[in-house]
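Dropping input20.txt in here (compact mmCIF, C-alpha atoms and all ligand atoms):
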# COMPACT_ATOMS: atom_id res chain seq x y z
CA MET R 17 -9.19 -11.46 6.56
CA ALA R 18 -10.17 -7.90 5.71
CA LEU R 19 -11.56 -5.78 8.51
CA ALA R 20 -14.71 -5.26 6.54
CA ASP R 21 -15.41 -8.97 6.88
CA LEU R 22 -15.22 -8.82 10.62
CA HIS R 23 -18.53 -8.38 12.37
CA THR R 24 -18.96 -8.00 16.07
CA LYS R 25 -22.30 -9.13 17.36
CA ILE R 26 -23.39 -8.30 20.86
CA ASP R 27 -26.30 -10.05 22.42
CA LEU R 28 -27.58 -8.30 25.49
CA GLN R 29 -29.93 -10.32 27.64
CA ASN R 30 -30.47 -7.50 29.98
CA SER R 31 -30.36 -4.01 28.58
CA SER R 32 -29.88 -2.46 32.02
CA GLN R 33 -26.24 -3.47 31.68
CA LEU R 34 -25.72 -0.46 29.52
CA SER R 35 -27.01 2.02 32.06
CA TYR R 36 -24.62 4.24 33.89
CA VAL R 37 -24.49 6.35 36.89
CA SER R 38 -22.41 9.47 36.87
CA THR R 39 -20.60 10.25 40.08
CA ARG R 40 -19.57 13.84 40.52
CA LEU R 41 -16.98 14.58 43.14
CA SER R 42 -17.42 18.30 43.33
CA TYR R 43 -14.50 18.96 45.65
CA ASN R 44 -11.96 18.29 42.93
CA HIS R 45 -14.15 18.48 39.84
CA ARG R 46 -13.62 14.87 38.91
CA ILE R 47 -16.33 12.93 37.20
CA SER R 48 -16.28 9.24 36.61
CA LEU R 49 -18.78 6.92 35.05
CA ARG R 50 -19.39 3.53 36.56
CA PRO R 51 -21.60 0.73 35.36
CA LEU R 52 -24.65 0.14 37.52
CA PRO R 53 -24.51 -3.07 39.58
CA GLN R 54 -25.08 -6.06 37.33
CA PRO R 55 -28.01 -8.44 37.99
CA HIS R 56 -26.73 -11.94 38.85
CA ASN R 57 -28.51 -13.64 35.98
CA SER R 58 -27.21 -11.26 33.37
CA ARG R 59 -25.08 -12.56 30.56
CA ILE R 60 -23.59 -10.84 27.60
CA CYS R 61 -22.59 -12.76 24.53
CA CYS R 62 -20.13 -11.32 22.17
CA SER R 63 -18.95 -13.00 19.03
CA VAL R 64 -17.01 -12.25 15.96
CA THR R 65 -18.05 -13.84 12.72
CA SER R 66 -16.09 -14.03 9.53
CA LYS R 67 -17.61 -15.39 6.35
CA GLU R 68 -18.08 -18.63 8.25
CA VAL R 69 -20.24 -18.32 11.35
CA GLN R 70 -18.37 -19.08 14.55
CA ALA R 71 -19.79 -20.19 17.87
CA PRO R 72 -20.81 -17.38 20.23
CA VAL R 73 -18.43 -16.74 23.08
CA THR R 74 -19.51 -16.25 26.64
CA VAL R 75 -18.27 -12.96 28.01
CA ASN R 76 -16.83 -12.62 31.44
CA THR R 77 -18.66 -9.76 33.12
CA GLU R 78 -17.97 -10.79 36.69
CA GLU R 79 -15.68 -7.95 37.65
CA PRO R 80 -16.18 -5.12 35.20
CA LYS R 81 -14.93 -2.62 37.78
CA LYS R 82 -11.40 -3.96 37.31
CA LYS R 83 -11.10 -1.44 34.52
CA PRO R 84 -10.97 1.82 36.46
CA ASP R 85 -11.88 4.29 33.71
CA CYS R 86 -14.05 3.05 30.95
CA TYR R 87 -17.18 3.82 29.03
CA GLY R 88 -20.11 1.52 28.33
CA ILE R 89 -19.36 -1.59 26.32
CA PHE R 90 -15.68 -0.90 26.84
CA CYS R 91 -16.02 -1.70 30.55
CA LEU R 92 -16.64 -5.34 29.77
CA THR R 93 -13.76 -7.72 29.95
CA TYR R 94 -14.37 -9.94 27.01
CA ASP R 95 -12.40 -11.91 24.55
CA LEU R 96 -13.40 -11.71 20.95
CA MET R 97 -12.94 -15.05 19.21
CA ALA R 98 -11.32 -13.47 16.22
CA GLY R 99 -8.68 -16.21 16.44
CA GLU R 100 -6.44 -15.75 13.48
CA GLU R 101 -7.00 -12.00 13.30
CA THR R 102 -6.36 -11.04 16.90
CA LYS R 103 -3.27 -13.24 17.18
CA SER R 104 -1.48 -11.05 14.70
CA TRP R 105 -2.54 -7.83 16.39
CA LYS R 106 0.06 -5.58 17.97
CA LYS R 107 0.02 -4.57 21.63
CA LEU R 108 -2.78 -2.12 22.45
CA ILE R 109 -1.80 1.57 22.44
CA ASN R 110 -3.38 4.37 24.44
CA ILE R 111 -4.35 7.52 22.58
CA ALA R 112 -5.39 10.52 24.66
CA ILE R 113 -7.31 13.33 22.99
CA SER R 114 -8.17 16.69 24.53
CA GLY R 115 -11.05 18.72 23.19
CA ALA R 116 -12.61 15.36 22.45
CA ALA R 117 -16.16 16.68 22.21
CA GLY R 118 -15.21 19.29 19.61
CA MET R 119 -15.60 19.37 15.84
CA ILE R 120 -12.05 18.35 14.94
CA SER R 121 -12.20 15.36 17.26
CA ASN R 122 -15.53 14.36 15.87
CA HIS R 123 -13.85 13.75 12.54
CA LEU R 124 -10.64 12.41 14.00
CA LEU R 125 -11.87 9.83 16.52
CA PHE R 126 -13.67 7.70 13.98
CA LYS R 127 -10.65 7.65 11.71
CA LEU R 128 -8.47 6.55 14.62
CA ALA R 129 -10.93 3.85 15.63
CA SER R 130 -11.34 2.53 12.08
CA GLY R 131 -7.70 1.48 11.82
CA GLU R 132 -6.87 3.81 8.96
CA VAL R 133 -4.34 5.75 11.05
CA PHE R 134 -2.32 3.17 12.99
CA GLY R 135 -3.06 0.20 10.74
CA PRO R 136 -5.45 -2.76 10.63
CA ASP R 137 -3.40 -4.76 13.15
CA GLN R 138 -3.17 -2.06 15.82
CA PRO R 139 -5.81 -2.22 18.57
CA ILE R 140 -6.31 1.10 20.35
CA ALA R 141 -7.73 2.60 23.53
CA LEU R 142 -9.20 6.09 23.24
CA LYS R 143 -8.93 8.30 26.32
CA LEU R 144 -11.09 11.34 25.85
CA LEU R 145 -10.58 14.56 27.76
CA GLY R 146 -13.34 17.14 27.90
CA SER R 147 -14.45 19.86 30.23
CA GLU R 148 -17.21 19.92 32.80
CA ARG R 149 -19.26 21.97 30.35
CA SER R 150 -18.75 19.51 27.50
CA PHE R 151 -19.16 16.35 29.55
CA GLU R 152 -22.57 15.36 28.21
CA ALA R 153 -21.35 15.87 24.66
CA LEU R 154 -18.40 13.66 25.52
CA GLU R 155 -20.81 10.94 26.59
CA GLY R 156 -22.54 11.38 23.24
CA VAL R 157 -19.21 10.89 21.46
CA ALA R 158 -18.52 7.74 23.48
CA MET R 159 -22.00 6.42 22.64
CA GLU R 160 -21.38 6.93 18.93
CA LEU R 161 -18.07 5.12 19.25
CA GLU R 162 -19.86 2.23 20.97
CA ASP R 163 -22.44 2.09 18.23
CA SER R 164 -19.81 1.96 15.51
CA LEU R 165 -18.61 -1.55 16.49
CA PHE R 166 -15.02 -0.91 15.49
CA PRO R 167 -13.12 -4.19 16.04
CA LEU R 168 -9.83 -2.42 16.80
CA LEU R 169 -11.32 -0.04 19.35
CA ARG R 170 -10.85 -1.97 22.60
CA GLU R 171 -11.27 0.70 25.25
CA VAL R 172 -12.87 4.11 25.57
CA SER R 173 -12.71 6.25 28.67
CA ILE R 174 -13.90 9.79 29.24
CA GLY R 175 -13.01 12.34 31.87
CA ILE R 176 -12.24 15.95 32.70
CA ASP R 177 -9.08 15.42 34.71
CA ALA R 178 -5.92 15.34 32.56
CA TYR R 179 -4.07 13.42 35.28
CA GLU R 180 -6.55 10.55 34.89
CA VAL R 181 -7.11 10.70 31.16
CA PHE R 182 -3.41 10.91 30.20
CA GLN R 183 -2.47 7.85 32.27
CA ASP R 184 -0.08 5.66 30.20
CA ALA R 185 -0.83 7.62 27.02
CA ASP R 186 1.37 6.57 24.09
CA TRP R 187 -0.01 9.43 21.99
CA ALA R 188 -1.53 12.70 23.17
CA LEU R 189 -3.43 14.71 20.61
CA LEU R 190 -4.00 18.09 22.24
CA ILE R 191 -6.83 19.69 20.34
CA GLY R 192 -8.82 21.56 22.96
CA ALA R 193 -8.11 25.30 23.27
CA LYS R 194 -10.14 28.45 23.68
CA PRO R 195 -10.75 30.43 20.51
CA ARG R 196 -9.91 34.12 20.61
CA GLY R 197 -13.04 36.01 21.62
CA PRO R 198 -14.13 39.51 20.54
CA GLY R 199 -11.87 42.20 21.95
CA MET R 200 -9.39 39.68 23.32
CA GLU R 201 -5.73 40.63 22.89
CA ARG R 202 -3.41 38.01 21.46
CA ALA R 203 -1.43 38.22 24.70
CA ASP R 204 -4.60 37.25 26.62
CA LEU R 205 -5.13 34.28 24.32
CA LEU R 206 -1.53 33.15 24.81
CA ASP R 207 -2.03 33.35 28.56
CA ILE R 208 -5.41 31.59 28.72
CA ASN R 209 -4.45 28.75 26.40
CA GLY R 210 -0.93 28.65 27.75
CA GLN R 211 -2.28 27.84 31.19
CA ILE R 212 -4.23 24.90 29.76
CA PHE R 213 -1.12 23.56 28.03
CA ALA R 214 1.09 24.11 31.08
CA GLU R 215 -1.34 22.01 33.11
CA GLN R 216 -1.55 19.34 30.43
CA GLY R 217 2.26 19.25 30.17
CA LYS R 218 2.46 18.64 33.91
CA ALA R 219 -0.14 15.88 33.66
CA LEU R 220 1.71 14.19 30.78
CA ASN R 221 4.94 14.43 32.74
CA ALA R 222 3.30 12.79 35.73
CA VAL R 223 1.33 9.95 34.17
CA ALA R 224 1.91 9.42 30.43
CA SER R 225 4.23 6.88 28.82
CA ARG R 226 7.83 8.12 29.03
CA ASN R 227 7.96 8.05 25.24
CA VAL R 228 4.56 9.63 24.59
CA LYS R 229 4.30 11.46 21.26
CA VAL R 230 2.42 14.73 21.60
CA ILE R 231 0.76 16.61 18.74
CA VAL R 232 -0.50 20.07 19.68
CA VAL R 233 -3.36 21.33 17.52
CA GLY R 234 -4.96 23.94 19.82
CA ASN R 235 -3.83 27.43 18.86
CA PRO R 236 -1.42 29.15 19.07
CA CYS R 237 -0.04 25.65 18.61
CA ASN R 238 3.71 26.33 18.38
CA THR R 239 3.85 28.26 21.64
CA ASN R 240 1.36 25.94 23.30
CA ALA R 241 3.65 23.03 22.36
CA LEU R 242 6.63 24.92 23.84
CA ILE R 243 4.73 25.54 27.09
CA CYS R 244 3.66 21.92 27.20
CA LEU R 245 7.15 20.51 26.72
CA LYS R 246 8.66 22.92 29.26
CA ASN R 247 6.19 21.60 31.81
CA ALA R 248 7.06 18.00 30.98
CA PRO R 249 10.81 17.82 31.67
CA ASP R 250 10.83 14.02 31.95
CA ILE R 251 9.55 13.54 28.40
CA PRO R 252 11.99 14.16 25.52
CA ALA R 253 11.35 17.63 24.02
CA LYS R 254 11.73 15.98 20.62
CA ASN R 255 8.45 14.14 21.18
CA PHE R 256 6.37 17.34 20.98
CA HIS R 257 4.93 18.54 17.69
CA ALA R 258 2.88 21.58 16.70
CA LEU R 259 0.58 20.74 13.81
CA THR R 260 1.64 22.47 10.58
CA ARG R 261 0.65 19.58 8.36
CA LEU R 262 -2.58 21.35 7.47
CA ASP R 263 -0.52 24.25 6.11
CA GLU R 264 1.65 21.81 4.15
CA ASN R 265 -1.44 20.21 2.65
CA ARG R 266 -2.86 23.62 1.78
CA ALA R 267 0.41 24.60 0.08
CA LYS R 268 0.48 21.36 -1.93
CA CYS R 269 -3.05 21.93 -3.10
CA GLN R 270 -2.33 25.49 -4.31
CA LEU R 271 0.88 24.49 -6.12
CA ALA R 272 -0.92 21.60 -7.81
CA LEU R 273 -3.74 23.89 -8.86
CA LYS R 274 -1.36 26.44 -10.39
CA ALA R 275 0.69 23.77 -12.19
CA GLY R 276 -2.41 21.93 -13.40
CA VAL R 277 -1.40 18.61 -11.86
CA PHE R 278 -3.04 16.45 -9.23
CA TYR R 279 -1.64 17.10 -5.76
CA ASP R 280 0.05 13.73 -5.40
CA LYS R 281 2.65 15.06 -7.84
CA VAL R 282 3.76 17.75 -5.34
CA SER R 283 6.46 16.81 -2.84
CA ASN R 284 9.15 18.26 -0.56
CA VAL R 285 6.95 21.07 0.73
CA THR R 286 8.20 22.67 3.93
CA ILE R 287 6.24 25.05 6.09
CA TRP R 288 8.76 27.05 8.07
CA GLY R 289 7.96 28.63 11.41
CA ASN R 290 4.77 29.49 13.16
CA HIS R 291 1.23 28.27 12.43
CA SER R 292 0.20 31.89 11.90
CA THR R 293 0.09 34.41 9.11
CA THR R 294 3.90 34.71 9.28
CA GLN R 295 4.44 31.05 8.31
CA VAL R 296 6.65 30.49 5.27
CA PRO R 297 5.49 27.96 2.68
CA ASP R 298 8.73 27.00 0.93
CA PHE R 299 8.44 26.87 -2.87
CA LEU R 300 12.22 26.96 -3.31
CA ASN R 301 12.78 23.35 -2.23
CA ALA R 302 9.35 22.01 -3.22
CA LYS R 303 9.00 19.79 -6.28
CA ILE R 304 6.34 18.96 -8.83
CA ASN R 305 6.83 15.61 -10.55
CA GLY R 306 10.32 15.59 -9.03
CA ILE R 307 11.25 18.91 -10.70
CA PRO R 308 11.86 22.08 -8.62
CA VAL R 309 8.65 24.12 -8.42
CA LYS R 310 10.40 27.24 -9.74
CA GLU R 311 11.17 25.39 -12.99
CA VAL R 312 7.54 24.37 -13.36
CA ILE R 313 5.83 27.56 -12.13
CA LYS R 314 7.93 30.38 -13.56
CA ASP R 315 5.72 33.13 -12.16
CA THR R 316 7.94 34.18 -9.21
CA LYS R 317 5.64 37.06 -8.29
CA TRP R 318 2.77 34.61 -7.88
CA LEU R 319 4.92 32.30 -5.77
CA GLU R 320 6.29 35.03 -3.52
CA GLU R 321 3.09 36.98 -3.08
CA GLU R 322 -0.19 35.27 -3.99
CA PHE R 323 0.76 31.69 -3.17
CA THR R 324 2.45 32.59 0.09
CA GLU R 325 -0.42 34.76 1.29
CA MET R 326 -3.02 32.25 0.15
CA VAL R 327 -1.49 29.56 2.35
CA GLN R 328 -0.90 31.90 5.27
CA LYS R 329 -4.50 33.12 5.27
CA ARG R 330 -6.34 30.00 4.11
CA GLY R 331 -7.70 29.31 7.59
CA GLY R 332 -9.20 32.78 7.84
CA VAL R 333 -10.84 32.64 4.41
CA LEU R 334 -12.33 29.31 5.37
CA ILE R 335 -13.73 30.72 8.62
CA LYS R 336 -15.46 33.46 6.65
CA LYS R 337 -17.12 30.88 4.39
CA TRP R 338 -17.96 28.32 7.05
CA GLY R 339 -18.57 30.58 10.03
CA ARG R 340 -16.20 28.38 12.03
CA SER R 341 -12.64 27.18 11.69
CA SER R 342 -11.58 24.18 9.67
CA ALA R 343 -12.41 20.88 11.35
CA ALA R 344 -12.46 18.05 8.79
CA SER R 345 -9.27 19.08 6.98
CA THR R 346 -7.56 19.67 10.32
CA ALA R 347 -8.52 16.15 11.42
CA VAL R 348 -7.23 14.75 8.12
CA SER R 349 -3.96 16.58 8.62
CA VAL R 350 -3.62 15.14 12.15
CA VAL R 351 -4.09 11.70 10.57
CA ASP R 352 -1.43 12.56 7.96
CA ALA R 353 0.94 13.79 10.67
CA ILE R 354 0.58 10.60 12.73
CA ARG R 355 0.83 8.33 9.70
CA SER R 356 3.99 10.13 8.64
CA LEU R 357 5.56 9.29 11.99
CA VAL R 358 4.48 5.64 12.08
CA THR R 359 5.39 4.86 8.47
CA PRO R 360 8.76 5.56 6.81
CA THR R 361 8.89 8.81 4.82
CA PRO R 362 9.17 8.00 1.10
CA GLU R 363 12.76 8.20 -0.15
CA GLY R 364 13.78 11.75 -1.02
CA ASP R 365 10.66 13.38 0.41
CA TRP R 366 9.92 14.98 3.78
CA ILE R 367 7.11 16.30 5.92
CA SER R 368 6.62 19.50 7.90
CA SER R 369 6.14 19.57 11.61
CA GLY R 370 6.56 22.18 14.32
CA VAL R 371 9.34 20.72 16.44
CA TYR R 372 11.79 21.80 19.12
CA THR R 373 14.66 23.74 17.58
CA ALA R 374 17.53 22.66 19.86
CA GLY R 375 20.48 21.65 17.66
CA ASN R 376 18.76 22.51 14.34
CA PRO R 377 21.06 22.84 11.30
CA TYR R 378 19.42 25.97 9.81
CA GLY R 379 20.56 28.60 12.31
CA ILE R 380 17.06 29.06 13.71
CA ALA R 381 16.95 30.30 17.31
CA GLU R 382 17.24 27.49 19.83
CA ASP R 383 14.52 26.65 22.35
CA ILE R 384 11.35 27.40 20.39
CA VAL R 385 8.92 25.18 18.49
CA PHE R 386 9.36 25.90 14.78
CA SER R 387 8.03 24.10 11.74
CA MET R 388 10.85 22.48 9.77
CA PRO R 389 11.36 19.62 7.27
CA CYS R 390 11.45 16.21 8.97
CA ARG R 391 11.84 12.60 7.93
CA SER R 392 10.71 9.52 9.85
CA LYS R 393 11.87 5.92 9.77
CA GLY R 394 8.37 4.93 10.81
CA ASP R 395 9.14 4.34 14.48
CA GLY R 396 7.27 7.45 15.72
CA ASP R 397 10.51 9.42 15.84
CA TYR R 398 11.92 11.82 13.22
CA GLU R 399 15.09 13.55 12.15
CA LEU R 400 15.54 16.97 10.58
CA VAL R 401 16.35 17.10 6.87
CA LYS R 402 19.73 18.75 6.38
CA ASP R 403 20.12 19.35 2.65
CA VAL R 404 17.58 22.11 2.04
CA ILE R 405 18.52 25.35 0.29
CA ILE R 406 17.82 28.62 2.08
CA ASP R 407 18.16 31.68 -0.16
CA ASP R 408 17.90 35.35 0.87
CA TYR R 409 14.14 35.50 0.28
CA LEU R 410 13.53 32.42 2.42
CA ARG R 411 15.99 33.57 5.08
CA SER R 412 14.29 36.97 5.48
CA ARG R 413 10.84 35.35 5.75
CA ILE R 414 12.13 32.77 8.21
CA LYS R 415 13.53 35.59 10.33
CA MET R 416 10.08 37.22 10.56
CA THR R 417 8.29 34.10 11.72
CA GLU R 418 11.19 33.36 14.10
CA ALA R 419 10.88 36.88 15.58
CA GLU R 420 7.18 36.28 16.15
CA LEU R 421 7.81 33.00 17.94
CA LEU R 422 10.53 34.54 20.11
CA ALA R 423 8.10 37.31 21.06
CA GLU R 424 5.40 34.75 21.87
CA LYS R 425 7.94 32.92 24.01
CA ARG R 426 8.73 36.09 25.99
CA CYS R 427 5.02 36.59 26.46
CA VAL R 428 4.60 33.20 28.16
CA ALA R 429 7.78 33.21 30.24
CA HIS R 430 5.61 32.87 33.38
CA LEU R 431 4.31 29.55 32.01
CA THR R 432 7.62 28.07 30.89
CA GLY R 433 9.43 28.72 34.18
CA GLU R 434 11.59 31.43 32.63
CA GLY R 435 10.63 34.43 34.73
CA ILE R 436 8.38 37.40 34.17
CA ALA R 437 6.43 37.61 30.94
CA VAL R 438 7.03 40.56 28.63
CA CYS R 439 4.55 40.86 25.79
CA ASP R 440 6.07 42.80 22.91
CA LEU R 441 4.39 40.94 20.07
CA PRO R 442 5.37 42.33 16.65
CA GLY R 443 2.27 44.21 15.42
CA ASP R 444 -0.65 42.04 16.30
CA THR R 445 0.16 38.99 14.22
CA MET R 446 -2.62 36.56 13.72
CA LEU R 447 -3.53 32.94 13.72
CA PRO R 448 -4.52 31.83 10.22
CA GLY R 449 -8.14 32.25 11.26
CA GLU R 450 -7.89 35.75 12.69
CA MET R 451 -7.66 38.08 9.73
C1 LIG R 501 -6.62 26.92 10.58
O1 LIG R 501 -5.46 27.02 10.17
O2 LIG R 501 -7.56 26.61 9.85
C2 LIG R 501 -6.91 27.21 12.02
O3 LIG R 501 -5.75 27.13 12.77
C3 LIG R 501 -7.55 28.54 12.09
C4 LIG R 501 -7.81 29.04 13.47
O4 LIG R 501 -7.32 30.14 13.77
O5 LIG R 501 -8.46 28.35 14.23

Kindly return the structure encoded in the file as structure tokens.
Amino acid sequence: MALADLHTKIDLQNSSQLSYVSTRLSYNHRISLRPLPQPHNSRICCSVTSKEVQAPVTVNTEEPKKKPDCYGIFCLTYDLMAGEETKSWKKLINIAISGAAGMISNHLLFKLASGEVFGPDQPIALKLLGSERSFEALEGVAMELEDSLFPLLREVSIGIDAYEVFQDADWALLIGAKPRGPGMERADLLDINGQIFAEQGKALNAVASRNVKVIVVGNPCNTNALICLKNAPDIPAKNFHALTRLDENRAKCQLALKAGVFYDKVSNVTIWGNHSTTQVPDFLNAKINGIPVKEVIKDTKWLEEEFTEMVQKRGGVLIKKWGRSSAASTAVSVVDAIRSLVTPTPEGDWISSGVYTAGNPYGIAEDIVFSMPCRSKGDGDYELVKDVIIDDYLRSRIKMTEAELLAEKRCVAHLTGEGIAVCDLPGDTMLPGEM
């Protein structure tokens, strides 16, 4: 039965069951939400109806506190009588999201909960991490998730302590980061955000699933991902990604526009390097309708200059128009990135992701997080694509973005356990949004 046919109907006999008390333990800044004590005569009915109406099911609300961290309706232990549908569901997965009250998350969470990311047979638990300042907004997010009646969304919990929120996480989508403020040096930004990601790496190492897949979105995402993985030594470094899928999508769009084709005809696009203005969108290996881009778009000057710069600076142009950085397209690209790991990459194609460089076949410096072409079998893991061509133009550009990442790495040595930080960043290179 299609998901759209599935309706969840909740009959509350006593609305006070959806009231909460917030307990603030100021000594360690932890906040938890607990349901208020339930009146003895209260009863909640919860039923799922398909085209044929099924009998309502009595819900067991006797010990809702058995679920330690939960929000609202998701604190109830109940069993939807979806019969045929739920039997074929996979085991529930835990998805932790930082920056959960922000704009990107606001687009992303509802896509995750709808089933369009992990599939219509994959129930999920959302574990939302916010800050003390954003906590009320986080409650608002959780309320909207409640009100959306997503059948696959089985648990929602909210909190401000990464050690609680990341417990048993199968996926960690690390979105929250401070934007660079006026007058702030890039080195300061690396330090401030680096500390957040060092802490979150430690928390993942302590409490997440041993095979958690981590996608770092908060900028500067490559170096944040490096800091995070260095602070999580018990989790394979291969499991950490810095999001460059948005850059790949942007590159595909511009190539399609120039060639006058729809963007589904563009494939094999690699973004090399850093998610910054030094990134290298690779038109040498990219294809349009299966034909090398350079045979379709013969204007090499456009490819080397305009196209490259357009992709590198797209985020900044967008900030000027919007007055804030991209949120919806970033969320879509997170969805694309996850889908590309949980479904097999189409034969002959690949995807871009910022991944750990140890053992890479392109001669890129070891021990940084660098965007490279990857393929997935659909099991959440990936392998690097080996048969890409690197010409002199590409090599020289790759060297520049590599130099920037090595400088960023030196600048956060105090956060990766590698000694004293030395910040000799080349020029003052920028995030895409910092022109
Ligand atoms: C983007 O690429 O749109 C963002 O990373 C821009 C930014 O600097 O936040």

Please identify every polymer residue within 9 Å of ligand LIG 501 (chain R), using all atoms listed in the file, and present the set as a ChimeraX atom specification.
/R:195-196,233-237,260,262-263,291-292,328-335,340-343,345-346,446-451

Atom pair CA of Val181 in chain R / CA of Ala116 in chain R: separation (Å):
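Going from CA of Val181 in chain R over to CA of Ala116 in chain R covers 11.3 Å.
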
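With all atoms listed in the file as the basis for measurement, R:Glu171 is the residue among R:Asp403, R:Glu148, R:Glu434, R:Glu171 that approaches Cys86 in chain R most closely.
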
When you look at Phe256 in chain R with a cut-off of 12 Å (counting only C-alpha atoms), what residues show up, excluding the ones that are within fewer than 5 positions of it in the same chain? I need them as a ChimeraX atom specification.
/R:187-190,217,220,227-233,237-249,251,369-373,384-387,396-398

Have a look at CA of Ile191 in chain R and CA of Ile113 in chain R and let me know their distance in Å, one decimal.
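Those two atoms sit 6.9 Å apart.
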
When distances are computed from only C-alpha atoms, which of R:Ile111, R:Val401, R:Gly135, R:Thr293 shows the smallest separation from Ser225 in chain R?
R:Ile111

Counting all atoms listed in the file, the option among R:Gly175, R:Ser368, R:Ala347, R:Glu321 closest to His257 in chain R
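Under the stated criterion, the closest residue is R:Ser368.
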
Dump as a list in words all residues having an atom at most 7 Å from (3.1, 30.9, 5.7), computed in the file's coordinates with only C-alpha atoms.
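Selection result: Ile287, Ser292, Thr293, Thr294, Gln295, Val296, Pro297, Thr324, Glu325, Val327 and Gln328 of chain R.
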
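Of the listed residues R:Leu125, R:Met388, R:Met119, R:Cys427, the one whose atoms come nearest to Arg202 in chain R is R:Cys427, with distances taken using only C-alpha atoms.
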
Just the number, please: distance in Å from CA of Ile380 in chain R to CA of Ala253 in chain R, one decimal.
16.4 Å

Find the residue from R:Arg261, R:Arg355, R:Arg413, R:Lys337 that sits nearest to Ser392 in chain R; use all atoms listed in the file when measuring.
R:Arg355

Selection: 10 Å around Phe134 in chain R, only C-alpha atoms, excl. self and same-chain fewer than 4 positions, as a PyMOL selection string
chain R and resi 109+127-130+138-140+351+354-355+358-359

Output requested as a PDB file, keeping the file's coordinate frame - range 104-108 of chain R, filled out with all heavy atoms.
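Result file is selection22.pdb:
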ATOM      1  N   SER R 104      -2.501 -11.837  15.390  1.00  0.00           N
ATOM      2  CA  SER R 104      -1.480 -11.050  14.700  1.00  0.00           C
ATOM      3  C   SER R 104      -1.533  -9.571  15.085  1.00  0.00           C
ATOM      4  O   SER R 104      -0.772  -8.765  14.571  1.00  0.00           O
ATOM      5  CB  SER R 104      -1.658 -11.188  13.181  1.00  0.00           C
ATOM      6  OG  SER R 104      -2.929 -10.689  12.835  1.00  0.00           O
ATOM      7  N   TRP R 105      -2.438  -9.233  15.985  1.00  0.00           N
ATOM      8  CA  TRP R 105      -2.540  -7.830  16.390  1.00  0.00           C
ATOM      9  C   TRP R 105      -1.333  -7.427  17.233  1.00  0.00           C
ATOM     10  O   TRP R 105      -0.765  -8.218  17.971  1.00  0.00           O
ATOM     11  CB  TRP R 105      -3.819  -7.607  17.212  1.00  0.00           C
ATOM     12  CG  TRP R 105      -5.053  -7.464  16.353  1.00  0.00           C
ATOM     13  CD1 TRP R 105      -5.126  -7.584  14.998  1.00  0.00           C
ATOM     14  CD2 TRP R 105      -6.369  -7.194  16.820  1.00  0.00           C
ATOM     15  NE1 TRP R 105      -6.419  -7.398  14.586  1.00  0.00           N
ATOM     16  CE2 TRP R 105      -7.204  -7.153  15.680  1.00  0.00           C
ATOM     17  CE3 TRP R 105      -6.922  -6.982  18.082  1.00  0.00           C
ATOM     18  CZ2 TRP R 105      -8.576  -6.901  15.771  1.00  0.00           C
ATOM     19  CZ3 TRP R 105      -8.285  -6.729  18.165  1.00  0.00           C
ATOM     20  CH2 TRP R 105      -9.096  -6.688  17.023  1.00  0.00           C
ATOM     21  N   LYS R 106      -1.014  -6.130  17.142  1.00  0.00           N
ATOM     22  CA  LYS R 106       0.060  -5.580  17.970  1.00  0.00           C
ATOM     23  C   LYS R 106      -0.494  -5.302  19.371  1.00  0.00           C
ATOM     24  O   LYS R 106      -1.695  -5.394  19.599  1.00  0.00           O
ATOM     25  CB  LYS R 106       0.548  -4.268  17.361  1.00  0.00           C
ATOM     26  CG  LYS R 106       1.190  -4.422  15.997  1.00  0.00           C
ATOM     27  CD  LYS R 106       1.545  -3.044  15.471  1.00  0.00           C
ATOM     28  CE  LYS R 106       2.168  -3.109  14.098  1.00  0.00           C
ATOM     29  NZ  LYS R 106       2.107  -1.821  13.415  1.00  0.00           N
ATOM     30  N   LYS R 107       0.420  -4.920  20.260  1.00  0.00           N
ATOM     31  CA  LYS R 107       0.020  -4.570  21.630  1.00  0.00           C
ATOM     32  C   LYS R 107      -0.831  -3.294  21.592  1.00  0.00           C
ATOM     33  O   LYS R 107      -0.524  -2.367  20.829  1.00  0.00           O
ATOM     34  CB  LYS R 107       1.300  -4.327  22.436  1.00  0.00           C
ATOM     35  CG  LYS R 107       1.109  -4.119  23.894  1.00  0.00           C
ATOM     36  CD  LYS R 107       2.486  -4.133  24.577  1.00  0.00           C
ATOM     37  CE  LYS R 107       2.386  -3.565  25.976  1.00  0.00           C
ATOM     38  NZ  LYS R 107       2.353  -2.099  26.025  1.00  0.00           N
ATOM     39  N   LEU R 108      -1.866  -3.274  22.401  1.00  0.00           N
ATOM     40  CA  LEU R 108      -2.780  -2.120  22.450  1.00  0.00           C
ATOM     41  C   LEU R 108      -2.020  -0.813  22.779  1.00  0.00           C
ATOM     42  O   LEU R 108      -1.132  -0.810  23.620  1.00  0.00           O
ATOM     43  CB  LEU R 108      -3.837  -2.392  23.524  1.00  0.00           C
ATOM     44  CG  LEU R 108      -4.868  -1.297  23.768  1.00  0.00           C
ATOM     45  CD1 LEU R 108      -6.270  -1.853  23.506  1.00  0.00           C
ATOM     46  CD2 LEU R 108      -4.778  -0.800  25.195  1.00  0.00           C
TER      47      LEU R 108
END
